[in-house]
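Text of protein.cif (mmCIF, C-alpha atoms) as supplied:
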```cif
data_upload
#
loop_
_atom_site.group_PDB
_atom_site.id
_atom_site.type_symbol
_atom_site.label_atom_id
_atom_site.label_comp_id
_atom_site.auth_asym_id
_atom_site.auth_seq_id
_atom_site.Cartn_x
_atom_site.Cartn_y
_atom_site.Cartn_z
ATOM 1 C CA MET A 178 128.471 -87.477 -129.673
ATOM 2 C CA ARG A 179 130.673 -87.317 -126.587
ATOM 3 C CA HIS A 180 131.601 -83.737 -127.489
ATOM 4 C CA ILE A 181 127.901 -82.832 -127.832
ATOM 5 C CA ARG A 182 127.123 -84.371 -124.429
ATOM 6 C CA ASN A 183 130.094 -82.935 -122.551
ATOM 7 C CA ASP A 184 130.604 -79.538 -124.176
ATOM 8 C CA HIS A 185 127.058 -78.610 -125.205
ATOM 9 C CA ASN A 186 125.116 -80.339 -122.435
ATOM 10 C CA ILE A 187 122.834 -81.951 -125.009
ATOM 11 C CA GLU A 188 121.514 -85.410 -124.197
ATOM 12 C CA ILE A 189 122.489 -87.776 -127.010
ATOM 13 C CA SER A 190 123.116 -91.525 -127.129
ATOM 14 C CA GLY A 191 122.319 -94.692 -129.034
ATOM 15 C CA SER A 192 122.649 -96.002 -132.581
ATOM 16 C CA GLN A 193 119.582 -94.103 -133.854
ATOM 17 C CA ALA A 194 121.019 -90.783 -132.696
ATOM 18 C CA LYS A 195 124.306 -91.683 -134.390
ATOM 19 C CA ARG A 196 122.485 -92.357 -137.679
ATOM 20 C CA ASP A 197 120.505 -89.113 -137.357
ATOM 21 C CA LEU A 198 123.679 -87.127 -136.704
ATOM 22 C CA LEU A 199 125.419 -88.691 -139.700
ATOM 23 C CA GLU A 200 122.408 -87.913 -141.895
ATOM 24 C CA MET A 201 122.161 -84.241 -140.986
ATOM 25 C CA GLY A 202 125.905 -83.714 -140.514
ATOM 26 C CA TYR A 203 127.599 -82.112 -137.539
ATOM 27 C CA TYR A 204 128.412 -78.770 -139.193
ATOM 28 C CA HIS A 205 125.654 -78.468 -141.782
ATOM 29 C CA GLY A 206 122.952 -79.887 -139.548
ATOM 30 C CA TYR A 207 123.551 -80.115 -135.817
ATOM 31 C CA LYS A 208 125.440 -76.837 -135.346
ATOM 32 C CA ALA A 209 123.188 -74.923 -137.757
ATOM 33 C CA TYR A 210 119.915 -76.112 -136.220
ATOM 34 C CA ARG A 211 120.896 -75.212 -132.649
ATOM 35 C CA PHE A 212 120.241 -71.499 -133.184
ATOM 36 C CA TYR A 213 117.941 -69.148 -135.072
ATOM 37 C CA LYS A 214 119.733 -67.150 -137.794
ATOM 38 C CA THR A 215 122.874 -66.348 -135.732
ATOM 39 C CA PRO A 216 124.880 -68.126 -132.994
ATOM 40 C CA ASN A 217 123.936 -65.238 -130.707
ATOM 41 C CA ASN A 218 120.324 -66.425 -130.817
ATOM 42 C CA PRO A 219 120.496 -70.075 -129.673
ATOM 43 C CA PHE A 220 117.536 -72.313 -129.000
ATOM 44 C CA LYS A 221 117.428 -73.540 -125.401
ATOM 45 C CA LEU A 222 117.694 -77.225 -126.240
ATOM 46 C CA THR A 223 118.485 -80.048 -123.834
ATOM 47 C CA SER A 224 118.070 -83.105 -126.062
ATOM 48 C CA PHE A 225 119.394 -84.144 -129.448
ATOM 49 C CA LYS A 226 115.877 -85.337 -130.227
ATOM 50 C CA GLN A 227 114.844 -81.670 -130.253
ATOM 51 C CA VAL A 228 117.550 -80.904 -132.837
ATOM 52 C CA VAL A 229 116.268 -83.789 -134.949
ATOM 53 C CA ALA A 230 112.715 -82.408 -134.653
ATOM 54 C CA ILE A 231 113.860 -79.007 -135.971
ATOM 55 C CA TYR A 232 115.842 -80.678 -138.764
ATOM 56 C CA GLU A 233 112.852 -82.782 -139.814
ATOM 57 C CA PHE A 234 110.594 -79.729 -139.627
ATOM 58 C CA ASP A 235 112.892 -77.844 -141.992
ATOM 59 C CA ASN A 236 112.899 -80.789 -144.418
ATOM 60 C CA ALA A 237 109.100 -80.940 -144.247
ATOM 61 C CA LEU A 238 108.953 -77.240 -145.143
ATOM 62 C CA LYS A 239 111.255 -77.789 -148.132
ATOM 63 C CA LYS A 240 109.011 -80.590 -149.338
ATOM 64 C CA ALA A 241 105.835 -78.520 -148.856
ATOM 65 C CA PHE A 242 107.209 -75.437 -150.601
ATOM 66 C CA TYR A 243 108.934 -77.100 -153.561
ATOM 67 C CA GLN A 244 105.985 -77.608 -155.915
ATOM 68 C CA PRO A 245 104.238 -74.265 -155.134
ATOM 69 C CA ILE A 246 107.519 -72.407 -155.767
ATOM 70 C CA MET A 247 108.113 -74.193 -159.079
ATOM 71 C CA LYS A 248 104.543 -73.514 -160.145
ATOM 72 C CA PHE A 249 104.826 -69.844 -159.137
ATOM 73 C CA GLU A 250 107.957 -69.455 -161.265
ATOM 74 C CA THR A 251 106.452 -71.184 -164.296
ATOM 75 C CA THR A 252 103.108 -69.399 -164.074
ATOM 76 C CA MET A 253 104.586 -65.924 -163.614
ATOM 77 C CA LYS A 254 106.919 -66.427 -166.574
ATOM 78 C CA ASN A 255 104.033 -67.638 -168.730
ATOM 79 C CA VAL A 256 101.768 -64.734 -167.744
ATOM 80 C CA VAL A 257 104.464 -62.144 -168.505
ATOM 81 C CA LEU A 258 105.440 -63.890 -171.753
ATOM 82 C CA ASP A 259 101.816 -64.122 -172.855
ATOM 83 C CA HIS A 260 101.423 -60.378 -172.376
ATOM 84 C CA LEU A 261 104.596 -59.600 -174.334
ATOM 85 C CA VAL A 262 103.700 -61.689 -177.389
ATOM 86 C CA SER A 263 99.897 -61.517 -177.469
ATOM 87 C CA GLY A 264 98.458 -59.689 -180.451
ATOM 88 C CA SER A 265 101.563 -60.191 -182.569
ATOM 89 C CA LYS A 266 101.563 -62.471 -185.604
ATOM 90 C CA ASP A 267 105.333 -62.430 -185.815
ATOM 91 C CA THR A 268 108.005 -63.915 -183.564
ATOM 92 C CA ILE A 269 108.992 -61.514 -180.787
ATOM 93 C CA TYR A 270 112.711 -61.182 -180.141
ATOM 94 C CA LEU A 271 114.599 -59.935 -177.108
ATOM 95 C CA SER A 272 115.708 -56.749 -178.876
ATOM 96 C CA GLN A 273 112.069 -55.788 -179.509
ATOM 97 C CA VAL A 274 111.144 -56.358 -175.876
ATOM 98 C CA PHE A 275 114.047 -54.192 -174.726
ATOM 99 C CA GLU A 276 112.928 -51.406 -177.037
ATOM 100 C CA GLN A 277 109.183 -51.561 -176.388
ATOM 101 C CA HIS A 278 108.855 -52.748 -172.769
ATOM 102 C CA LEU A 279 112.198 -52.618 -170.956
ATOM 103 C CA ASP A 280 112.372 -48.863 -171.283
ATOM 104 C CA GLY A 281 111.430 -47.739 -167.807
ATOM 105 C CA TYR A 282 114.546 -45.547 -167.850
ATOM 106 C CA ARG A 283 112.664 -43.169 -170.164
ATOM 107 C CA GLU A 284 110.340 -42.350 -167.274
ATOM 108 C CA ILE A 285 113.284 -40.831 -165.367
ATOM 109 C CA ASP A 286 114.274 -37.188 -165.833
ATOM 110 C CA LYS A 287 117.947 -37.663 -166.656
ATOM 111 C CA THR A 288 118.628 -33.973 -166.333
ATOM 112 C CA ASN A 289 117.332 -33.577 -162.777
ATOM 113 C CA ASP A 290 117.956 -37.131 -161.599
ATOM 114 C CA ALA A 291 121.071 -38.217 -163.473
ATOM 115 C CA ARG A 292 122.184 -40.613 -160.719
ATOM 116 C CA GLU A 293 118.938 -42.610 -160.836
ATOM 117 C CA TYR A 294 118.946 -42.596 -164.630
ATOM 118 C CA ASN A 295 122.493 -43.947 -164.731
ATOM 119 C CA ARG A 296 121.664 -46.575 -162.102
ATOM 120 C CA VAL A 297 118.669 -47.915 -164.030
ATOM 121 C CA MET A 298 120.498 -47.770 -167.350
ATOM 122 C CA GLY A 299 123.337 -49.753 -165.781
ATOM 123 C CA GLN A 300 120.834 -52.385 -164.600
ATOM 124 C CA ARG A 301 119.373 -52.546 -168.102
ATOM 125 C CA LEU A 302 122.811 -53.139 -169.640
ATOM 126 C CA LYS A 303 123.557 -55.796 -167.031
ATOM 127 C CA LEU A 304 120.271 -57.546 -167.835
ATOM 128 C CA ARG A 305 121.323 -57.836 -171.482
ATOM 129 C CA SER A 306 124.586 -59.468 -170.439
ATOM 130 C CA ASP A 307 122.722 -61.756 -168.005
ATOM 131 C CA PHE A 308 120.506 -63.027 -170.814
ATOM 132 C CA ALA A 309 123.556 -63.659 -173.001
ATOM 133 C CA ARG A 310 125.389 -65.357 -170.116
ATOM 134 C CA GLU A 311 122.494 -67.702 -169.374
ATOM 135 C CA ALA A 312 122.185 -68.600 -173.058
ATOM 136 C CA SER A 313 125.896 -69.408 -173.064
ATOM 137 C CA MET A 314 125.561 -71.518 -169.894
ATOM 138 C CA HIS A 315 122.689 -73.518 -171.405
ATOM 139 C CA TYR A 316 124.177 -74.043 -174.865
ATOM 140 C CA THR A 317 125.348 -77.581 -174.151
ATOM 141 C CA LYS A 318 122.334 -78.438 -171.955
ATOM 142 C CA SER A 319 119.364 -77.000 -173.850
ATOM 143 C CA GLN A 320 118.274 -78.282 -177.260
ATOM 144 C CA ILE A 321 116.320 -75.044 -177.689
ATOM 145 C CA VAL A 322 119.406 -72.840 -177.278
ATOM 146 C CA LYS A 323 121.529 -75.189 -179.379
ATOM 147 C CA HIS A 324 118.967 -75.112 -182.212
ATOM 148 C CA PHE A 325 118.970 -71.335 -182.583
ATOM 149 C CA VAL A 326 122.722 -70.920 -182.080
ATOM 150 C CA ASN A 327 123.690 -73.698 -184.491
ATOM 151 C CA ASN A 328 121.331 -72.298 -187.124
ATOM 152 C CA GLU A 329 122.745 -68.812 -186.543
ATOM 153 C CA GLU A 330 119.293 -67.483 -185.684
ATOM 154 C CA ALA A 331 118.332 -64.946 -183.037
ATOM 155 C CA MET A 332 116.629 -66.518 -180.047
ATOM 156 C CA PRO A 333 112.988 -65.443 -179.573
ATOM 157 C CA ILE A 334 111.920 -64.117 -176.191
ATOM 158 C CA TRP A 335 110.088 -67.358 -175.339
ATOM 159 C CA ALA A 336 113.333 -69.330 -175.691
ATOM 160 C CA TYR A 337 115.057 -67.069 -173.173
ATOM 161 C CA PHE A 338 112.166 -67.508 -170.740
ATOM 162 C CA GLU A 339 112.775 -71.262 -170.891
ATOM 163 C CA ILE A 340 116.268 -70.879 -169.420
ATOM 164 C CA ILE A 341 116.535 -67.716 -167.312
ATOM 165 C CA MET A 342 116.701 -68.096 -163.547
ATOM 166 C CA LEU A 343 114.084 -66.599 -161.258
ATOM 167 C CA GLY A 344 116.450 -63.813 -160.165
ATOM 168 C CA THR A 345 117.054 -62.761 -163.769
ATOM 169 C CA PHE A 346 113.323 -62.912 -164.390
ATOM 170 C CA GLY A 347 112.789 -60.633 -161.387
ATOM 171 C CA GLU A 348 115.279 -58.112 -162.801
ATOM 172 C CA PHE A 349 113.442 -58.321 -166.133
ATOM 173 C CA VAL A 350 110.093 -57.508 -164.504
ATOM 174 C CA LYS A 351 111.661 -54.719 -162.430
ATOM 175 C CA LEU A 352 112.941 -52.946 -165.553
ATOM 176 C CA LEU A 353 109.639 -53.089 -167.454
ATOM 177 C CA ASN A 354 107.991 -49.719 -167.979
ATOM 178 C CA THR A 355 105.158 -48.815 -165.617
ATOM 179 C CA ALA A 356 102.396 -49.266 -168.204
ATOM 180 C CA THR A 357 103.523 -52.828 -168.940
ATOM 181 C CA LYS A 358 103.808 -53.664 -165.230
ATOM 182 C CA LEU A 359 100.281 -52.417 -164.564
ATOM 183 C CA GLU A 360 98.845 -54.303 -167.538
ATOM 184 C CA ILE A 361 100.450 -57.520 -166.300
ATOM 185 C CA THR A 362 99.191 -57.109 -162.730
ATOM 186 C CA ARG A 363 95.697 -56.397 -164.067
ATOM 187 C CA LYS A 364 95.913 -59.572 -166.148
ATOM 188 C CA ILE A 365 96.953 -61.566 -163.075
ATOM 189 C CA GLY A 366 94.261 -59.896 -160.985
ATOM 190 C CA THR A 367 96.587 -58.450 -158.348
ATOM 191 C CA HIS A 368 96.489 -54.764 -159.280
ATOM 192 C CA ASN A 369 95.652 -52.420 -156.429
ATOM 193 C CA ALA A 370 96.028 -48.770 -157.348
ATOM 194 C CA SER A 371 95.704 -47.552 -153.754
ATOM 195 C CA VAL A 372 98.784 -49.396 -152.467
ATOM 196 C CA ASP A 373 100.762 -50.233 -155.618
ATOM 197 C CA SER A 374 100.208 -47.518 -158.191
ATOM 198 C CA GLY A 375 103.471 -48.338 -159.974
ATOM 199 C CA GLY A 376 102.960 -52.094 -160.191
ATOM 200 C CA LYS A 377 106.086 -52.841 -158.143
ATOM 201 C CA PHE A 378 104.646 -55.525 -155.855
ATOM 202 C CA LEU A 379 105.086 -58.271 -158.450
ATOM 203 C CA GLU A 380 108.840 -57.769 -158.779
ATOM 204 C CA GLN A 381 109.197 -57.559 -154.985
ATOM 205 C CA HIS A 382 107.294 -60.814 -154.563
ATOM 206 C CA ILE A 383 109.387 -62.516 -157.248
ATOM 207 C CA PHE A 384 112.594 -61.546 -155.446
ATOM 208 C CA ALA A 385 111.192 -62.743 -152.111
ATOM 209 C CA ILE A 386 110.253 -66.134 -153.538
ATOM 210 C CA LYS A 387 113.631 -66.275 -155.310
ATOM 211 C CA ASP A 388 115.362 -66.161 -151.920
ATOM 212 C CA LEU A 389 113.147 -68.975 -150.660
ATOM 213 C CA ARG A 390 113.661 -70.995 -153.855
ATOM 214 C CA ASN A 391 117.426 -70.755 -153.449
ATOM 215 C CA ALA A 392 117.171 -71.930 -149.838
ATOM 216 C CA VAL A 393 115.131 -74.948 -150.919
ATOM 217 C CA ALA A 394 117.364 -75.734 -153.908
ATOM 218 C CA HIS A 395 120.649 -75.408 -151.998
ATOM 219 C CA ASN A 396 119.456 -77.083 -148.803
ATOM 220 C CA ALA A 397 119.755 -73.970 -146.652
ATOM 221 C CA ILE A 398 117.594 -73.584 -143.554
ATOM 222 C CA VAL A 399 114.178 -72.628 -144.887
ATOM 223 C CA PHE A 400 112.430 -71.360 -141.755
ATOM 224 C CA GLU A 401 115.094 -68.644 -141.410
ATOM 225 C CA LYS A 402 114.000 -67.010 -144.682
ATOM 226 C CA SER A 403 112.496 -63.828 -143.277
ATOM 227 C CA VAL A 404 114.427 -61.121 -145.096
ATOM 228 C CA LYS A 405 111.316 -59.083 -145.787
ATOM 229 C CA PHE A 406 108.678 -60.857 -143.704
ATOM 230 C CA SER A 407 108.159 -61.868 -140.099
ATOM 231 C CA SER A 408 107.948 -65.629 -140.644
ATOM 232 C CA ILE A 409 108.042 -68.411 -143.219
ATOM 233 C CA LEU A 410 104.231 -68.392 -143.343
ATOM 234 C CA ASP A 411 104.337 -64.943 -144.949
ATOM 235 C CA TYR A 412 106.103 -66.527 -147.912
ATOM 236 C CA ALA A 413 103.369 -69.161 -147.956
ATOM 237 C CA ALA A 414 100.820 -66.330 -148.109
ATOM 238 C CA ILE A 415 102.430 -64.936 -151.283
ATOM 239 C CA LEU A 416 102.336 -68.350 -152.950
ATOM 240 C CA VAL A 417 98.719 -68.938 -151.915
ATOM 241 C CA TYR A 418 97.738 -65.478 -153.145
ATOM 242 C CA TYR A 419 99.246 -65.925 -156.602
ATOM 243 C CA ALA A 420 98.059 -69.513 -156.872
ATOM 244 C CA LYS A 421 94.495 -68.386 -156.306
ATOM 245 C CA THR A 422 94.643 -65.373 -158.631
ATOM 246 C CA THR A 423 96.092 -67.484 -161.447
ATOM 247 C CA GLY A 424 93.449 -70.185 -161.193
ATOM 248 C CA ALA A 425 94.943 -72.993 -159.098
ATOM 249 C CA SER A 426 92.328 -75.351 -157.670
ATOM 250 C CA LYS A 427 91.088 -75.001 -154.101
ATOM 251 C CA ILE A 428 92.116 -78.598 -153.451
ATOM 252 C CA GLU A 429 95.699 -77.897 -154.521
ATOM 253 C CA ILE A 430 95.956 -74.762 -152.371
ATOM 254 C CA LYS A 431 94.374 -76.410 -149.336
ATOM 255 C CA GLU A 432 96.764 -79.357 -149.612
ATOM 256 C CA PHE A 433 99.701 -76.939 -149.444
ATOM 257 C CA ILE A 434 98.339 -75.183 -146.354
ATOM 258 C CA THR A 435 97.459 -78.501 -144.707
ATOM 259 C CA GLU A 436 100.977 -79.818 -145.322
ATOM 260 C CA LEU A 437 102.422 -76.753 -143.600
ATOM 261 C CA GLU A 438 99.990 -77.177 -140.724
ATOM 262 C CA ARG A 439 100.965 -80.826 -140.262
ATOM 263 C CA ALA A 440 104.668 -79.941 -140.249
ATOM 264 C CA ILE A 441 104.128 -77.320 -137.541
ATOM 265 C CA GLU A 442 101.927 -79.626 -135.469
ATOM 266 C CA LYS A 443 104.615 -82.325 -135.606
ATOM 267 C CA LEU A 444 107.240 -79.801 -134.488
ATOM 268 C CA VAL A 445 105.031 -78.661 -131.587
ATOM 269 C CA MET A 446 104.521 -82.247 -130.475
ATOM 270 C CA GLU A 447 108.149 -83.366 -130.773
ATOM 271 C CA ILE A 448 110.091 -80.268 -129.702
ATOM 272 C CA ASP A 449 108.157 -79.735 -126.462
ATOM 273 C CA ASP A 450 109.316 -76.106 -126.372
ATOM 274 C CA ILE A 451 106.873 -73.424 -127.517
ATOM 275 C CA GLU A 452 109.635 -70.784 -127.617
ATOM 276 C CA VAL A 453 111.360 -72.687 -130.423
ATOM 277 C CA VAL A 454 108.060 -72.940 -132.306
ATOM 278 C CA PHE A 455 107.408 -69.209 -131.946
ATOM 279 C CA LYS A 456 110.908 -68.356 -133.190
ATOM 280 C CA THR A 457 110.634 -70.558 -136.258
ATOM 281 C CA VAL A 458 107.051 -69.835 -137.389
ATOM 282 C CA GLY A 459 105.891 -66.899 -135.254
ATOM 283 C CA SER A 460 103.585 -66.815 -132.252
ATOM 284 C CA ASP A 461 100.638 -65.976 -134.506
ATOM 285 C CA TYR A 462 100.987 -69.081 -136.693
ATOM 286 C CA PRO A 463 97.510 -70.517 -135.829
ATOM 287 C CA HIS A 464 95.911 -67.224 -136.880
ATOM 288 C CA LYS A 465 97.902 -67.069 -140.138
ATOM 289 C CA LEU A 466 97.106 -70.660 -141.048
ATOM 290 C CA ARG A 467 93.422 -70.059 -140.355
ATOM 291 C CA ARG A 468 93.379 -66.870 -142.434
ATOM 292 C CA LEU A 469 95.149 -68.607 -145.303
ATOM 293 C CA MET A 470 92.629 -71.431 -145.290
ATOM 294 C CA ASP A 471 89.720 -68.966 -145.110
ATOM 295 C CA TYR A 472 91.184 -67.034 -148.052
#
```
Now that the file is in, can you turn its structure into structure tokens?
Amino acid sequence: MRHIRNDHNIEISGSQAKRDLLEMGYYHGYKAYRFYKTPNNPFKLTSFKQVVAIYEFDNALKKAFYQPIMKFETTMKNVVLDHLVSGSKDTIYLSQVFEQHLDGYREIDKTNDAREYNRVMGQRLKLRSDFAREASMHYTKSQIVKHFVNNEEAMPIWAYFEIIMLGTFGEFVKLLNTATKLEITRKIGTHNASVDSGGKFLEQHIFAIKDLRNAVAHNAIVFEKSVKFSSILDYAAILVYYAKTTGASKIEIKEFITELERAIEKLVMEIDDIEVVFKTVGSDYPHKLRRLMDY
């Protein structure tokens, strides 16, 4: 605390501040929450209470996003799985899906675009090994995997969907042929031929939410997740969009948006520095929250 006061010119004192610092940690918390993304972009903070406000805001975001992210992952897997097995009276296995749906490489002219063909084929081979690796990782943890392995039976596609991570699922969707992608987006209700004729938005959204999911799961700073978007609220927009199209209740969606709004309002009140607020959620956050609620 003396180092923070003397070397960083941050006002800090008292037993409560000591407890807060111990809770967040000096390296993981205090140092990380003093800047946005990189040390070259520091917040202009004068009080440790402001650091605590940012820390608590980030925790509030993790709490708000957790359930919508989990539901997004489960729902998207179920929608894709339903499409793959619907209409079949027999059990569908991974090998059949690879042959009938994960054959987007056939859409590439391997004579005139050999590099792209080889790249996609390499991704397809890697996906096979990823499925096998995740089955191996879950053998001792999953009764489903153990059942099929111990009985020397091939695992059906639904069993794999029970264990694969969101990143692997995103790679799976990416390698589906175009016809399958479009059929799935039509089933979800997100197909838009004018801006997404190849049905690629779904895989892009899955990868975006995967990054956010990892930040939440591994306690990274959530409001910094803006790899493809301008602020954390853009990730909220994706979750709201898919929640609505897949039939989530208005009450459930509004509760999510309201929780985000409360977290931002608390930050505004406690940080007393609008520049910090604009960096973390964007200067247009009131407009985005309003548009999300209207939607």
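Distance cut-off 7 Å, centre (127.4, -91.7, -129.3), atoms counted only C-alpha atoms; the residues meeting this are Met178, Arg179, Ile189, Ser190, Gly191 and Lys195 of chain A.
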Leaving out Glu432 of chain A and any residue of its chain fewer than 2 positions from it, which residues lie within 12 Å of it when counting all atoms listed in the file, given as an mmCIF file with C-alpha atoms, keeping the file's coordinate frame?
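To be explicit, this is the file written out as selection-v1.cif:
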```
data_model
loop_
_atom_site.group_PDB
_atom_site.id
_atom_site.type_symbol
_atom_site.label_atom_id
_atom_site.label_comp_id
_atom_site.auth_asym_id
_atom_site.auth_seq_id
_atom_site.Cartn_x
_atom_site.Cartn_y
_atom_site.Cartn_z
ATOM 1 C CA ALA A 241 105.835 -78.520 -148.856
ATOM 2 C CA PHE A 242 107.209 -75.437 -150.601
ATOM 3 C CA GLN A 244 105.985 -77.608 -155.915
ATOM 4 C CA PRO A 245 104.238 -74.265 -155.134
ATOM 5 C CA VAL A 417 98.719 -68.938 -151.915
ATOM 6 C CA ALA A 425 94.943 -72.993 -159.098
ATOM 7 C CA SER A 426 92.328 -75.351 -157.670
ATOM 8 C CA LYS A 427 91.088 -75.001 -154.101
ATOM 9 C CA ILE A 428 92.116 -78.598 -153.451
ATOM 10 C CA GLU A 429 95.699 -77.897 -154.521
ATOM 11 C CA ILE A 430 95.956 -74.762 -152.371
ATOM 12 C CA ILE A 434 98.339 -75.183 -146.354
ATOM 13 C CA THR A 435 97.459 -78.501 -144.707
ATOM 14 C CA GLU A 436 100.977 -79.818 -145.322
ATOM 15 C CA LEU A 437 102.422 -76.753 -143.600
ATOM 16 C CA GLU A 438 99.990 -77.177 -140.724
ATOM 17 C CA ARG A 439 100.965 -80.826 -140.262
ATOM 18 C CA LEU A 469 95.149 -68.607 -145.303
ATOM 19 C CA MET A 470 92.629 -71.431 -145.290
#
```
Quick check, in Å to one decimal: how far apart do atom CA of Phe378 of chain A and atom CA of Tyr412 of chain A lie? 13.6 Å
If you apply the PyMOL selection byres ((chain A and resi 327-338) around 7) to this file, what residues do you get, as a JSON list (two decimals) with C-alpha atoms, in the frame of the given file?
```json
[["chain", "number", "residue", "atom", "x", "y", "z"],
["A", 254, "LYS", "CA", 106.92, -66.43, -166.57],
["A", 258, "LEU", "CA", 105.44, -63.89, -171.75],
["A", 268, "THR", "CA", 108.00, -63.92, -183.56],
["A", 269, "ILE", "CA", 108.99, -61.51, -180.79],
["A", 270, "TYR", "CA", 112.71, -61.18, -180.14],
["A", 271, "LEU", "CA", 114.60, -59.94, -177.11],
["A", 321, "ILE", "CA", 116.32, -75.04, -177.69],
["A", 323, "LYS", "CA", 121.53, -75.19, -179.38],
["A", 324, "HIS", "CA", 118.97, -75.11, -182.21],
["A", 325, "PHE", "CA", 118.97, -71.33, -182.58],
["A", 326, "VAL", "CA", 122.72, -70.92, -182.08],
["A", 339, "GLU", "CA", 112.78, -71.26, -170.89],
["A", 340, "ILE", "CA", 116.27, -70.88, -169.42],
["A", 341, "ILE", "CA", 116.54, -67.72, -167.31]]
```
Test item: the PyMOL selection byres ((chain A and resi 422) around 12) resolved as a list in words: Phe249, Thr252, Met253, Val256, Thr362, Arg363, Lys364, Ile365, Gly366, Thr367, His368, Ile415, Leu416, Val417, Tyr418, Tyr419, Ala420, Lys421, Thr423, Gly424, Ala425, Ser426, Lys427, Ile430 and Tyr472 of chain A
What residues come out when you apply the PyMOL selection byres ((chain A and resi 442-444) around 12) to this file, written as a PyMOL selection string? chain A and resi 226-238+435-441+445-455+457-458+462-463+466
Deliver the residues from the most recent selection as a file, using C-alpha atoms, as a CSV table (one decimal), keeping the file's coordinate frame.
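The result, stored in again.csv:
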```csv
chain,number,residue,atom,x,y,z
A,226,LYS,CA,115.9,-85.3,-130.2
A,227,GLN,CA,114.8,-81.7,-130.3
A,228,VAL,CA,117.6,-80.9,-132.8
A,229,VAL,CA,116.3,-83.8,-134.9
A,230,ALA,CA,112.7,-82.4,-134.7
A,231,ILE,CA,113.9,-79.0,-136.0
A,232,TYR,CA,115.8,-80.7,-138.8
A,233,GLU,CA,112.9,-82.8,-139.8
A,234,PHE,CA,110.6,-79.7,-139.6
A,235,ASP,CA,112.9,-77.8,-142.0
A,236,ASN,CA,112.9,-80.8,-144.4
A,237,ALA,CA,109.1,-80.9,-144.2
A,238,LEU,CA,109.0,-77.2,-145.1
A,435,THR,CA,97.5,-78.5,-144.7
A,436,GLU,CA,101.0,-79.8,-145.3
A,437,LEU,CA,102.4,-76.8,-143.6
A,438,GLU,CA,100.0,-77.2,-140.7
A,439,ARG,CA,101.0,-80.8,-140.3
A,440,ALA,CA,104.7,-79.9,-140.2
A,441,ILE,CA,104.1,-77.3,-137.5
A,445,VAL,CA,105.0,-78.7,-131.6
A,446,MET,CA,104.5,-82.2,-130.5
A,447,GLU,CA,108.1,-83.4,-130.8
A,448,ILE,CA,110.1,-80.3,-129.7
A,449,ASP,CA,108.2,-79.7,-126.5
A,450,ASP,CA,109.3,-76.1,-126.4
A,451,ILE,CA,106.9,-73.4,-127.5
A,452,GLU,CA,109.6,-70.8,-127.6
A,453,VAL,CA,111.4,-72.7,-130.4
A,454,VAL,CA,108.1,-72.9,-132.3
A,455,PHE,CA,107.4,-69.2,-131.9
A,457,THR,CA,110.6,-70.6,-136.3
A,458,VAL,CA,107.1,-69.8,-137.4
A,462,TYR,CA,101.0,-69.1,-136.7
A,463,PRO,CA,97.5,-70.5,-135.8
A,466,LEU,CA,97.1,-70.7,-141.0
```
For a test of reading the model, state the distance in Å between atom CA of Thr215 of chain A and atom CA of Val399 of chain A, rounded to one decimal. 14.1 Å
Among listed residues A:Gly459, A:Arg211, A:Asp197, A:Asp267, nearest Asp411 of chain A (using only C-alpha atoms): A:Gly459
